[in-house]
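Text of protein.tsv, listed as TSV, C-alpha atoms and all ligand atoms:
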```
chain	number	residue	atom	x	y	z
A	1	MET	CA	12.38	-14.09	6.60
A	2	ALA	CA	13.47	-13.95	10.25
A	3	LEU	CA	16.10	-12.14	12.32
A	4	PRO	CA	18.05	-13.61	15.24
A	5	THR	CA	16.11	-11.13	17.40
A	6	GLY	CA	12.88	-13.00	16.57
A	7	ASP	CA	11.43	-10.37	14.19
A	8	ARG	CA	9.71	-12.12	11.29
A	9	CYS	CA	7.94	-11.31	8.03
A	10	VAL	CA	6.36	-13.36	5.26
A	11	ALA	CA	5.87	-12.34	1.63
A	12	ALA	CA	4.10	-13.99	-1.29
A	13	LEU	CA	5.57	-14.12	-4.80
A	14	GLN	CA	2.18	-12.96	-6.07
A	15	GLY	CA	2.46	-9.20	-6.07
A	16	ALA	CA	5.73	-9.35	-4.04
A	17	GLN	CA	3.14	-8.85	-1.32
A	18	VAL	CA	4.17	-8.83	2.33
A	19	LEU	CA	1.50	-10.82	4.20
A	20	SER	CA	2.71	-10.87	7.78
A	21	TRP	CA	5.00	-8.89	10.08
A	22	THR	CA	5.57	-9.85	13.70
A	23	PRO	CA	8.22	-7.70	15.38
A	24	ALA	CA	9.97	-9.39	18.30
A	25	GLY	CA	9.06	-8.61	21.86
A	26	SER	CA	5.77	-6.84	21.15
A	27	PRO	CA	2.31	-8.30	21.11
A	28	GLY	CA	1.48	-9.99	17.87
A	29	GLU	CA	0.89	-9.51	14.20
A	30	ARG	CA	0.98	-5.95	12.79
A	31	LEU	CA	-0.54	-6.58	9.35
A	32	TYR	CA	-4.10	-7.65	8.62
A	33	LEU	CA	-4.58	-10.59	6.26
A	34	SER	CA	-8.19	-11.56	5.69
A	35	PRO	CA	-8.95	-15.21	6.52
A	36	GLY	CA	-11.05	-15.16	3.32
A	37	ALA	CA	-8.23	-13.84	1.11
A	38	ALA	CA	-7.85	-15.49	-2.30
A	39	SER	CA	-4.95	-17.91	-2.68
A	40	ASP	CA	-5.27	-18.92	-6.34
A	41	GLY	CA	-2.07	-17.12	-7.37
A	42	ALA	CA	-3.83	-14.47	-9.47
A	43	THR	CA	-6.84	-12.91	-7.69
A	44	ALA	CA	-5.86	-9.91	-5.55
A	45	ILE	CA	-4.95	-10.98	-2.00
A	46	ARG	CA	-6.97	-9.06	0.62
A	47	GLY	CA	-4.44	-7.98	3.19
A	48	GLY	CA	-0.78	-7.40	3.93
A	49	VAL	CA	0.83	-4.85	1.62
A	50	PRO	CA	-0.64	-5.04	-1.90
A	51	LEU	CA	1.16	-2.98	-4.49
A	52	CYS	CA	-1.06	-0.87	-6.74
A	53	PHE	CA	0.85	-0.23	-9.98
A	54	PRO	CA	0.75	1.27	-12.59
A	55	GLN	CA	-2.68	2.64	-11.74
A	56	PHE	CA	-4.53	3.50	-8.53
A	57	ASN	CA	-8.15	2.42	-8.25
A	58	GLN	CA	-9.85	3.03	-11.60
A	59	ARG	CA	-8.26	6.37	-12.35
A	60	VAL	CA	-7.24	6.04	-15.98
A	61	LEU	CA	-3.91	7.67	-16.87
A	62	GLY	CA	-4.59	8.13	-20.58
A	63	GLY	CA	-4.70	5.15	-22.90
A	64	ARG	CA	-6.80	2.09	-22.14
A	65	PRO	CA	-8.42	1.37	-18.80
A	66	LEU	CA	-6.35	-1.00	-16.67
A	67	PRO	CA	-7.66	-3.46	-14.07
A	68	LYS	CA	-8.54	-1.76	-10.75
A	69	HIS	CA	-5.29	-0.90	-8.89
A	70	GLY	CA	-3.22	-2.01	-11.92
A	71	PHE	CA	-1.80	-5.46	-12.49
A	72	ALA	CA	1.26	-5.70	-10.20
A	73	ARG	CA	-0.74	-7.27	-7.36
A	74	ASN	CA	-2.03	-10.04	-9.61
A	75	ARG	CA	1.28	-11.09	-11.15
A	76	ARG	CA	3.87	-13.57	-9.91
A	77	TRP	CA	7.11	-11.68	-9.20
A	78	THR	CA	10.56	-13.26	-9.51
A	79	PRO	CA	12.42	-13.82	-6.22
A	80	LEU	CA	15.88	-12.23	-6.46
A	81	GLY	CA	17.25	-13.47	-3.14
A	82	VAL	CA	17.78	-12.32	0.41
A	83	VAL	CA	20.84	-10.38	1.55
A	84	ALA	CA	22.07	-9.40	5.02
A	85	GLU	CA	23.06	-5.81	5.81
A	86	GLY	CA	24.19	-5.44	9.41
A	87	GLU	CA	21.42	-6.93	11.48
A	88	ASP	CA	18.84	-6.35	8.69
A	89	ARG	CA	17.67	-8.80	6.03
A	90	ILE	CA	16.49	-7.59	2.63
A	91	ALA	CA	14.44	-9.71	0.22
A	92	GLU	CA	14.12	-8.53	-3.38
A	93	PHE	CA	11.55	-9.31	-6.05
A	94	GLY	CA	11.44	-8.30	-9.73
A	95	LEU	CA	8.83	-7.80	-12.43
A	96	ALA	CA	9.36	-6.68	-16.02
A	97	ASN	CA	7.08	-6.08	-18.97
A	98	ASP	CA	6.07	-9.12	-20.97
A	99	GLU	CA	3.33	-10.01	-23.44
A	100	GLU	CA	0.73	-10.06	-20.68
A	101	THR	CA	1.59	-6.57	-19.37
A	102	HIS	CA	1.88	-5.20	-22.92
A	103	ALA	CA	-1.61	-6.45	-23.68
A	104	LEU	CA	-2.84	-4.23	-20.81
A	105	TRP	CA	-0.30	-1.38	-20.86
A	106	PRO	CA	2.22	-0.59	-23.62
A	107	ALA	CA	5.11	0.49	-21.34
A	108	SER	CA	8.50	-1.24	-21.13
A	109	PHE	CA	9.68	-1.36	-17.53
A	110	GLU	CA	11.70	-3.14	-14.90
A	111	ALA	CA	10.37	-2.99	-11.33
A	112	ARG	CA	11.90	-4.10	-8.02
A	113	VAL	CA	10.41	-4.48	-4.57
A	114	ALA	CA	12.79	-4.61	-1.59
A	115	VAL	CA	11.44	-5.78	1.76
A	116	ARG	CA	13.79	-4.77	4.57
A	117	LEU	CA	13.27	-6.35	7.97
A	118	SER	CA	15.08	-4.70	10.89
A	119	PRO	CA	14.61	-5.08	14.64
A	120	GLY	CA	11.23	-3.45	15.35
A	121	ARG	CA	10.96	-2.09	11.81
A	122	LEU	CA	9.72	-3.06	8.34
A	123	ALA	CA	10.34	-1.05	5.16
A	124	ILE	CA	9.02	-1.73	1.69
A	125	GLY	CA	10.75	-0.04	-1.22
A	126	PHE	CA	9.61	0.06	-4.82
A	127	ARG	CA	11.66	1.18	-7.78
A	128	VAL	CA	10.88	1.20	-11.45
A	129	ARG	CA	12.93	1.98	-14.55
A	130	ASN	CA	11.71	2.91	-18.00
A	131	THR	CA	13.48	0.45	-20.31
A	132	GLY	CA	11.72	1.62	-23.48
A	133	TRP	CA	11.87	4.60	-25.85
A	134	ALA	CA	8.66	6.39	-24.90
A	135	CYS	CA	7.64	8.40	-21.81
A	136	TRP	CA	4.82	6.97	-19.71
A	137	PRO	CA	2.87	8.01	-16.62
A	138	PHE	CA	2.13	5.80	-13.64
A	139	ALA	CA	0.52	5.95	-10.21
A	140	LEU	CA	1.51	3.83	-7.23
A	141	ALA	CA	0.23	2.89	-3.80
A	142	LEU	CA	1.67	0.68	-1.10
A	143	HIS	CA	-1.81	-0.33	0.07
A	144	THR	CA	-0.92	-1.45	3.60
A	145	TYR	CA	-3.53	-3.20	5.75
A	146	LEU	CA	-2.47	-2.50	9.35
A	147	ARG	CA	-3.91	-4.84	11.95
A	148	VAL	CA	-5.71	-3.28	14.90
A	149	ASP	CA	-7.52	-4.91	17.73
A	150	ASP	CA	-10.58	-2.68	17.37
A	151	VAL	CA	-10.50	0.14	14.81
A	152	THR	CA	-13.18	2.08	16.72
A	153	ARG	CA	-10.66	2.41	19.57
A	154	ALA	CA	-7.71	3.36	17.33
A	155	SER	CA	-6.64	6.80	16.14
A	156	LEU	CA	-4.33	7.94	13.40
A	157	HIS	CA	-2.27	11.04	14.21
A	158	GLY	CA	-0.27	13.24	11.84
A	159	LEU	CA	-2.89	14.24	9.27
A	160	GLU	CA	-4.24	17.14	11.34
A	161	GLY	CA	-4.99	20.14	9.11
A	162	ALA	CA	-4.36	18.23	5.86
A	163	ALA	CA	-6.70	18.62	2.88
A	164	TYR	CA	-8.34	15.46	1.59
A	165	TRP	CA	-10.79	14.14	-0.93
A	166	ASP	CA	-13.53	12.13	0.76
A	167	ALA	CA	-14.30	9.34	-1.71
A	168	VAL	CA	-17.38	8.29	0.28
A	169	ALA	CA	-19.16	11.63	0.86
A	170	ASP	CA	-17.83	13.38	-2.26
A	171	LEU	CA	-17.64	10.50	-4.73
A	172	ASP	CA	-19.32	12.56	-7.46
A	173	ARG	CA	-17.21	15.63	-6.68
A	174	PRO	CA	-13.58	14.63	-7.21
A	175	GLN	CA	-12.46	18.27	-6.84
A	176	ALA	CA	-14.11	18.71	-3.41
A	177	ARG	CA	-11.69	19.04	-0.49
A	178	ARG	CA	-12.20	18.84	3.26
A	179	PHE	CA	-9.71	19.47	6.07
A	180	GLN	CA	-8.78	16.99	8.74
A	181	SER	CA	-9.57	18.28	12.19
A	182	GLY	CA	-7.87	16.42	15.03
A	183	ALA	CA	-6.70	12.83	14.85
A	184	LEU	CA	-8.49	10.54	12.40
A	185	ALA	CA	-10.98	8.16	13.99
A	186	VAL	CA	-12.94	5.60	11.97
A	187	GLU	CA	-16.70	6.12	12.29
A	188	GLY	CA	-18.10	4.01	9.44
A	189	GLU	CA	-16.89	3.61	5.86
A	190	THR	CA	-13.76	5.72	5.36
A	191	ASP	CA	-12.04	6.27	2.01
A	192	ARG	CA	-9.89	9.38	1.80
A	193	VAL	CA	-6.99	10.66	-0.26
A	194	TYR	CA	-4.79	13.12	1.67
A	195	ALA	CA	-2.61	14.90	-0.86
A	196	GLY	CA	0.53	16.89	-0.89
A	197	GLY	CA	3.18	15.98	1.66
A	198	ALA	CA	4.85	12.88	3.01
A	199	ARG	CA	4.24	12.70	6.74
A	200	VAL	CA	5.15	10.62	9.73
A	201	LEU	CA	1.92	9.15	11.07
A	202	ARG	CA	1.23	7.46	14.35
A	203	LEU	CA	-1.37	4.73	14.73
A	204	SER	CA	-2.35	4.45	18.38
A	205	GLU	CA	-4.56	1.87	20.02
A	206	PRO	CA	-4.79	0.81	23.65
A	207	GLY	CA	-1.46	-0.79	24.53
A	208	ARG	CA	0.41	-0.27	21.28
A	209	THR	CA	1.61	2.35	18.84
A	210	LEU	CA	3.18	2.17	15.41
A	211	THR	CA	4.72	4.94	13.31
A	212	VAL	CA	4.24	4.96	9.56
A	213	SER	CA	6.66	6.91	7.35
A	214	GLN	CA	6.86	7.38	3.60
A	215	SER	CA	9.31	8.79	1.08
A	216	THR	CA	8.83	12.34	-0.25
A	217	THR	CA	8.27	10.76	-3.68
A	218	LEU	CA	5.00	9.35	-2.25
A	219	PRO	CA	3.27	12.59	-1.25
A	220	ASP	CA	-0.26	11.19	-0.84
A	221	THR	CA	-1.76	9.10	1.95
A	222	VAL	CA	-4.90	7.04	1.44
A	223	VAL	CA	-6.87	5.88	4.48
A	224	TRP	CA	-9.43	3.14	3.89
A	225	ASN	CA	-11.76	1.12	6.05
A	226	PRO	CA	-14.87	-0.43	4.46
A	227	GLY	CA	-17.01	-0.19	7.60
A	228	ALA	CA	-19.56	-2.87	8.49
A	229	ALA	CA	-21.98	-2.45	5.55
A	230	LEU	CA	-19.43	-2.49	2.71
A	231	CYS	CA	-17.41	-5.21	4.47
A	232	ALA	CA	-20.49	-7.46	4.47
A	233	ARG	CA	-20.52	-7.19	0.67
A	234	LEU	CA	-16.83	-8.10	0.24
A	235	ALA	CA	-16.72	-11.81	-0.53
A	236	ASP	CA	-13.11	-12.17	0.67
A	237	MET	CA	-13.58	-10.60	4.11
A	238	PRO	CA	-15.39	-11.89	7.20
A	239	ALA	CA	-18.28	-9.75	8.46
A	240	ASP	CA	-16.21	-8.31	11.33
A	241	GLY	CA	-13.00	-7.94	9.27
A	242	TRP	CA	-13.39	-4.14	9.08
A	243	ARG	CA	-12.97	-3.94	12.85
A	244	HIS	CA	-9.47	-5.44	12.75
A	245	MET	CA	-7.84	-3.40	9.99
A	246	LEU	CA	-7.02	0.07	8.80
A	247	CYS	CA	-5.42	0.68	5.43
A	248	VAL	CA	-2.81	3.44	5.58
A	249	GLU	CA	-1.45	3.72	2.07
A	250	ALA	CA	1.61	5.63	0.85
A	251	ALA	CA	0.87	6.78	-2.68
A	252	CYS	CA	1.42	9.09	-5.62
A	253	ILE	CA	-1.98	9.49	-7.16
A	254	GLU	CA	-2.91	13.15	-7.49
A	255	GLU	CA	0.16	13.88	-9.64
A	256	PRO	CA	1.12	10.76	-11.56
A	257	VAL	CA	4.83	10.34	-12.18
A	258	VAL	CA	6.01	10.59	-15.78
A	259	LEU	CA	9.10	8.51	-16.52
A	260	GLY	CA	11.25	9.16	-19.59
A	261	PRO	CA	13.42	6.58	-21.39
A	262	GLY	CA	16.16	5.26	-19.08
A	263	GLN	CA	14.80	7.13	-16.03
A	264	GLU	CA	14.33	5.45	-12.68
A	265	TRP	CA	12.00	6.32	-9.79
A	266	GLN	CA	11.75	5.03	-6.26
A	267	GLY	CA	9.51	5.27	-3.23
A	268	TRP	CA	9.08	3.55	0.13
A	269	GLN	CA	6.89	3.16	3.19
A	270	SER	CA	8.12	1.99	6.60
A	271	PHE	CA	6.65	0.99	9.95
A	272	GLU	CA	8.25	1.12	13.35
A	273	VAL	CA	7.12	-0.18	16.69
A	274	VAL	CA	6.98	2.62	19.24
A	275	ALA	CA	5.42	1.10	22.32
A	276	GLY	CA	4.10	-2.19	23.46
B	1	LIG	O1	-11.06	-4.07	-3.09
B	1	LIG	P1	-9.80	-3.49	-3.64
B	1	LIG	O2	-9.78	-3.50	-5.15
B	1	LIG	O3	-8.58	-4.15	-3.08
B	1	LIG	O4	-9.77	-1.96	-3.20
B	1	LIG	C1	-9.89	-1.63	-1.87
B	1	LIG	C2	-9.83	-0.11	-1.67
B	1	LIG	O5	-8.58	0.37	-2.07
B	1	LIG	C3	-8.31	1.76	-1.83
B	1	LIG	O6	-8.11	2.00	-0.49
B	1	LIG	C4	-9.38	2.66	-2.40
B	1	LIG	O7	-9.24	3.98	-1.93
B	1	LIG	C5	-10.76	2.14	-2.09
B	1	LIG	O8	-11.71	2.89	-2.84
B	1	LIG	C6	-10.88	0.67	-2.43
B	1	LIG	O9	-12.17	0.21	-2.18
```

Hey, can you dump this file as structure tokens for me?
Ligand SMILES: O=P(O)(O)OC[C@H]1O[C@H](O)[C@H](O)[C@@H](O)[C@@H]1O
Amino acid sequence: MALPTGDRCVAALQGAQVLSWTPAGSPGERLYLSPGAASDGATAIRGGVPLCFPQFNQRVLGGRPLPKHGFARNRRWTPLGVVAEGEDRIAEFGLANDEETHALWPASFEARVAVRLSPGRLAIGFRVRNTGWACWPFALALHTYLRVDDVTRASLHGLEGAAYWDAVADLDRPQARRFQSGALAVEGETDRVYAGGARVLRLSEPGRTLTVSQSTTLPDTVVWNPGAALCARLADMPADGWRHMLCVEAACIEEPVVLGPGQEWQGWQSFEVVAG
């Protein structure tokens, strides 16, 4: 999808996953897509904006365990077309329950992803409706891989003072909480869930800045970077891949959403070029 201004983004039908975003008039690609990412149409694609639904990581929401991060990122979504709204373009994708999803998860649902490209801005919206007769819980994350030149020279602002669970240091203590002091800088493997409050974040690196916003329905922010040692063990990432990415994920994990029959829920994350 492209705008007359030169802004461009690319999405795959697998997972309705945005893979590339290059705003016009600023230097280069803003999303990280691993050169080793799978392209078989089913294995999770490492990079862009994977959608974790209806489960985050391996946190079971009652019932049977689902695949890690749910199944939405592994499924082919249906393209529903592109529409113009002012100078924006919006591409929509749909996914509904079928035999395959029912084998993993008993819920009846209809989900939509809307990718809105505007000058200097990208927004990804997700909505889901319960089309069945039973209530069900779900978790969601827009698991965005932001591209950075060198993550050790980047800093993420806006989480100052926020409580988080450190999934590296406190893996065996899921109730443990730490508090963010100052801007977040990556110093090795980083895997944190910041709960309770949608925020506007600012990712700064020499020469360019991006703001990251999320809907109030997505109150958690996950920040992930595998660091050199874990990255070396990831078959679908080059050894130095960790240096060029930072996942900043808009999520609802700590308090899963419960959707009753006929109810609909929506959430979004957006990115805007600030400088450079
Ligand atoms: O390798 P994946 O299944 O795509 O997961 C990649 C990462 O996703 C999230 O950020 C989690 O917090 C991490 O614990 C996980 O390692």

Tell me which residues come within 6 Å of (-15.5, 0.4, 9.1), as a tab-separated table (two decimals) with C-alpha atoms, in the coordinates of the input, counting only C-alpha atoms in the file's coordinates.
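Result saved to result-v6.tsv:
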```
chain	number	residue	atom	x	y	z
A	188	GLY	CA	-18.10	4.01	9.44
A	189	GLU	CA	-16.89	3.61	5.86
A	225	ASN	CA	-11.76	1.12	6.05
A	226	PRO	CA	-14.87	-0.43	4.46
A	227	GLY	CA	-17.01	-0.19	7.60
A	228	ALA	CA	-19.56	-2.87	8.49
A	242	TRP	CA	-13.39	-4.14	9.08
```

>> Counting only C-alpha atoms, which residues have an atom no more than 6 Å from (-4.5, -0.8, 3.5) in the file's coordinates? Please list them as a VMD selection string.
In response: chain A and resid 143 to 145 246 to 249

Write the residues you've just listed into a file as a PDB file, in the frame of the given file, and include C-alpha atoms for each of them.
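result.pdb was written with the following content:
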```pdb
ATOM      1  CA  HIS A 143      -1.810  -0.330   0.070  1.00  0.00           C
ATOM      2  CA  THR A 144      -0.920  -1.450   3.600  1.00  0.00           C
ATOM      3  CA  TYR A 145      -3.530  -3.200   5.750  1.00  0.00           C
ATOM      4  CA  LEU A 246      -7.020   0.070   8.800  1.00  0.00           C
ATOM      5  CA  CYS A 247      -5.420   0.680   5.430  1.00  0.00           C
ATOM      6  CA  VAL A 248      -2.810   3.440   5.580  1.00  0.00           C
ATOM      7  CA  GLU A 249      -1.450   3.720   2.070  1.00  0.00           C
TER       8      GLU A 249
END
```

> Quick one, how far is atom CA of A:Val257 from atom CA of A:Phe271?
Replying inline: 24.1 Å

>> Neighbouring residues of A:Val273 were defined as those with any atom within 7 Å, considering all atoms listed in the file; residues of the same chain fewer than 4 positions away were excluded. Please report them as number ranges by chain.
In response: A: 120-121, 209-211

> Taking all atoms listed in the file into account, which of A:Asp170, A:Gly28, A:Pro256, A:Asn97 comes nearest A:Trp136?
Replying inline: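 Between A:Asp170, A:Gly28, A:Pro256, A:Asn97, the residue approaching A:Trp136 most closely is A:Pro256.
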
>> I'd like to know which of A:Gln55, A:Gln175, A:Ser213, A:Thr78 is closest to ligand LIG 1 (chain B), using only C-alpha atoms and all ligand atoms.
In response: A:Gln55

>> Hey, which residues sit close to ligand LIG 1 (chain B)? Say within 10 Å, counting all atoms listed in the file, and write them as a PyMOL selection string.
In response: chain A and resi 44-47+50-52+56-58+67-70+73+141-145+166-168+171+189-193+221-226+230-231+234-236+246-249

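Residues in contact with A:Pro119 at up to 8 Å, not including ones fewer than 6 positions away on its chain and judged by all atoms listed in the file, are Leu3, Thr5, Asp7, Pro23, Ala24, Glu87 and Asp88 of chain A.
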
> For A:Ser181, which residue among A:Ala251, A:Leu156, A:Ala195, A:Ile90 is the nearest when counting all atoms listed in the file?
Replying inline: A:Leu156

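Note that the spacing between atom CA of A:Ala139 and atom CA of A:Ile253 amounts to 5.3 Å.
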
> Which value, in Å to one decimal, gives the distance between atom CA of A:Pro65 and atom CA of A:Glu110?
Replying inline: 21.0 Å
